[in-house]
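Raw final34.pdb, PDB, C-alpha atoms and all ligand atoms:
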```
ATOM      1  CA  MET A 281     -50.313   5.499  -9.701
ATOM      2  CA  THR A 282     -48.178   2.469 -10.327
ATOM      3  CA  PRO A 283     -44.492   2.909 -11.113
ATOM      4  CA  PRO A 284     -43.420   2.007 -14.611
ATOM      5  CA  PRO A 285     -41.876  -1.422 -14.926
ATOM      6  CA  GLN A 286     -38.187  -1.396 -14.299
ATOM      7  CA  PRO A 287     -36.045  -2.415 -17.226
ATOM      8  CA  MET A 288     -34.275  -5.644 -16.608
ATOM      9  CA  ILE A 289     -30.598  -5.078 -15.926
ATOM     10  CA  LEU A 290     -28.272  -7.771 -17.069
ATOM     11  CA  VAL A 291     -25.222  -8.065 -14.872
ATOM     12  CA  SER A 292     -22.267  -9.892 -16.153
ATOM     13  CA  VAL A 293     -21.486 -12.665 -13.724
ATOM     14  CA  THR A 294     -17.973 -13.202 -14.915
ATOM     15  CA  ARG A 295     -15.907 -10.235 -13.765
ATOM     16  CA  PRO A 296     -12.539  -9.468 -15.227
ATOM     17  CA  ASP A 297      -9.574 -10.269 -13.051
ATOM     18  CA  PRO A 298      -8.668  -6.916 -11.393
ATOM     19  CA  THR A 299      -5.050  -7.902 -10.966
ATOM     20  CA  ALA A 300      -4.718  -8.125 -14.739
ATOM     21  CA  ASP A 301      -5.936  -4.550 -15.203
ATOM     22  CA  PRO A 302      -3.121  -2.180 -16.248
ATOM     23  CA  ASP A 303      -4.519   0.518 -13.952
ATOM     24  CA  TYR A 304      -4.554  -1.896 -11.026
ATOM     25  CA  ILE A 305      -0.939  -2.846 -11.632
ATOM     26  CA  SER A 306       0.093   0.787 -11.977
ATOM     27  CA  TYR A 307      -1.692   1.805  -8.759
ATOM     28  CA  GLN A 308      -0.301  -1.190  -6.951
ATOM     29  CA  GLN A 309       3.199  -0.149  -7.951
ATOM     30  CA  GLN A 310       2.525   3.402  -6.779
ATOM     31  CA  GLY A 311       1.283   2.013  -3.486
ATOM     32  CA  GLU A 312       4.424  -0.023  -3.074
ATOM     33  CA  GLU A 313       6.583   3.024  -3.815
ATOM     34  CA  ILE A 314       4.716   5.095  -1.228
ATOM     35  CA  ARG A 315       4.994   2.284   1.294
ATOM     36  CA  GLU A 316       8.734   2.003   0.759
ATOM     37  CA  ALA A 317       9.181   5.774   1.026
ATOM     38  CA  LEU A 318       7.260   5.798   4.294
ATOM     39  CA  MET A 319       9.157   2.818   5.654
ATOM     40  CA  TYR A 320      12.446   4.507   4.788
ATOM     41  CA  ALA A 321      11.375   7.789   6.381
ATOM     42  CA  ARG A 322      10.293   5.986   9.516
ATOM     43  CA  GLN A 323      13.538   4.057   9.703
ATOM     44  CA  ALA A 324      15.543   7.255   9.228
ATOM     45  CA  ALA A 325      13.540   8.926  12.000
ATOM     46  CA  ARG A 326      14.175   5.971  14.313
ATOM     47  CA  GLU A 327      17.900   6.090  13.628
ATOM     48  CA  GLN A 328      17.954   9.830  14.247
ATOM     49  CA  ILE A 329      16.189   9.418  17.577
ATOM     50  CA  ALA A 330      18.542   6.645  18.623
ATOM     51  CA  GLU A 331      21.492   8.799  17.603
ATOM     52  CA  GLU A 332      20.227  11.723  19.642
ATOM     53  CA  GLU A 333      19.544   9.596  22.694
ATOM     54  CA  ALA A 334      22.605   7.377  22.653
ATOM     55  CA  PRO A 335      25.385   9.756  23.744
ATOM     56  CA  ARG A 336      23.309  11.417  26.435
ATOM     57  CA  MET A 337      24.181  10.537  29.989
ATOM     58  CA  ALA A 338      22.850  11.671  33.304
ATOM     59  CA  VAL A 339      24.806  14.578  34.786
ATOM     60  CA  ILE A 340      24.443  16.658  37.901
ATOM     61  CA  CYS A 341      22.922  20.022  37.137
ATOM     62  CA  GLN A 342      25.067  22.905  38.411
ATOM     63  CA  CYS A 343      22.001  25.088  38.797
ATOM     64  CA  CYS A 344      19.558  22.925  40.745
ATOM     65  CA  GLY A 345      21.690  19.949  41.728
ATOM     66  CA  ALA A 346      19.356  17.448  40.124
ATOM     67  CA  SER A 347      20.599  14.365  38.336
ATOM     68  CA  THR A 348      19.410  15.161  34.857
ATOM     69  CA  ILE A 349      19.802  14.173  31.246
ATOM     70  CA  PRO A 350      20.505  17.285  29.189
ATOM     71  CA  ASP A 351      17.946  18.062  26.514
ATOM     72  CA  LEU A 352      18.843  18.708  22.881
ATOM     73  CA  ASN A 353      20.025  22.214  23.790
ATOM     74  CA  GLY A 354      22.250  20.899  26.566
ATOM     75  CA  CYS A 355      19.997  22.248  29.284
ATOM     76  CA  CYS A 356      18.692  20.712  32.492
ATOM     77  CA  GLU A 357      15.359  19.027  31.989
ATOM     78  CA  TYR A 358      14.154  20.320  35.367
ATOM     79  CA  CYS A 359      15.316  23.919  35.679
ATOM     80  CA  GLY A 360      16.379  24.622  32.091
ATOM     81  CA  GLY A 361      19.828  25.751  33.190
ATOM     82  CA  PRO A 362      22.801  24.926  31.022
ATOM     83  CA  VAL A 363      24.640  21.751  31.947
ATOM     84  CA  ASN A 364      27.855  20.460  30.543
ATOM     85  CA  GLY A 365      26.826  16.995  29.504
TER
HETATM   86 ZN    ZN A 401      18.724  21.987  36.820
END
```

With the file now loaded, output its structure as C-alpha cells.
Amino acid sequence: MTPPPQPMILVSVTRPDPTADPDYISYQQQGEEIREALMYARQAAREQIAEEEAPRMAVICQCCGASTIPDLNGCCEYCGGPVNG
C-alpha cells in the first residue's frame, strides 16, 4: 500500500522581524525587569554578607582557648561557647 501523496507545503521564506513583534518587545522588557530584580537582590545579598563579615575579628575563646572568629550568634566556631567578640 503506497502512502497518499503529501500535499505540498508552501513555507514563506521571508520571516517577519521578531524584534518588531509587540509580544517580543513586551517579553524582552519583562526579561529585563527580572534581570534587574535579580541583580539588585544579588547585590543586596553581597552587601549584607560583607556587612556581617566586616566587623568580625578573631578573639580568644574563653571556653576552649582557640583563636576564633565568632559566628553570627557570637559563639566560638570550634566549641560553640559564647565569646565576647
Ligand atoms: Zn571555643

I would like the residues chosen by the PyMOL selection byres (((not hetatm)) within 10 of (chain A and resi 401)) on the shown file; could you give them as an MDAnalysis selection string?
chainID A and resid 339:350 355:363

Work out how far apart atom CA of Pro302 of chain A and atom CA of Ala321 of chain A are and give it in Å to one decimal.
28.7 Å

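Here atom CA of Ser306 of chain A is placed at a distance of 25.7 Å from atom CA of Gln323 of chain A.
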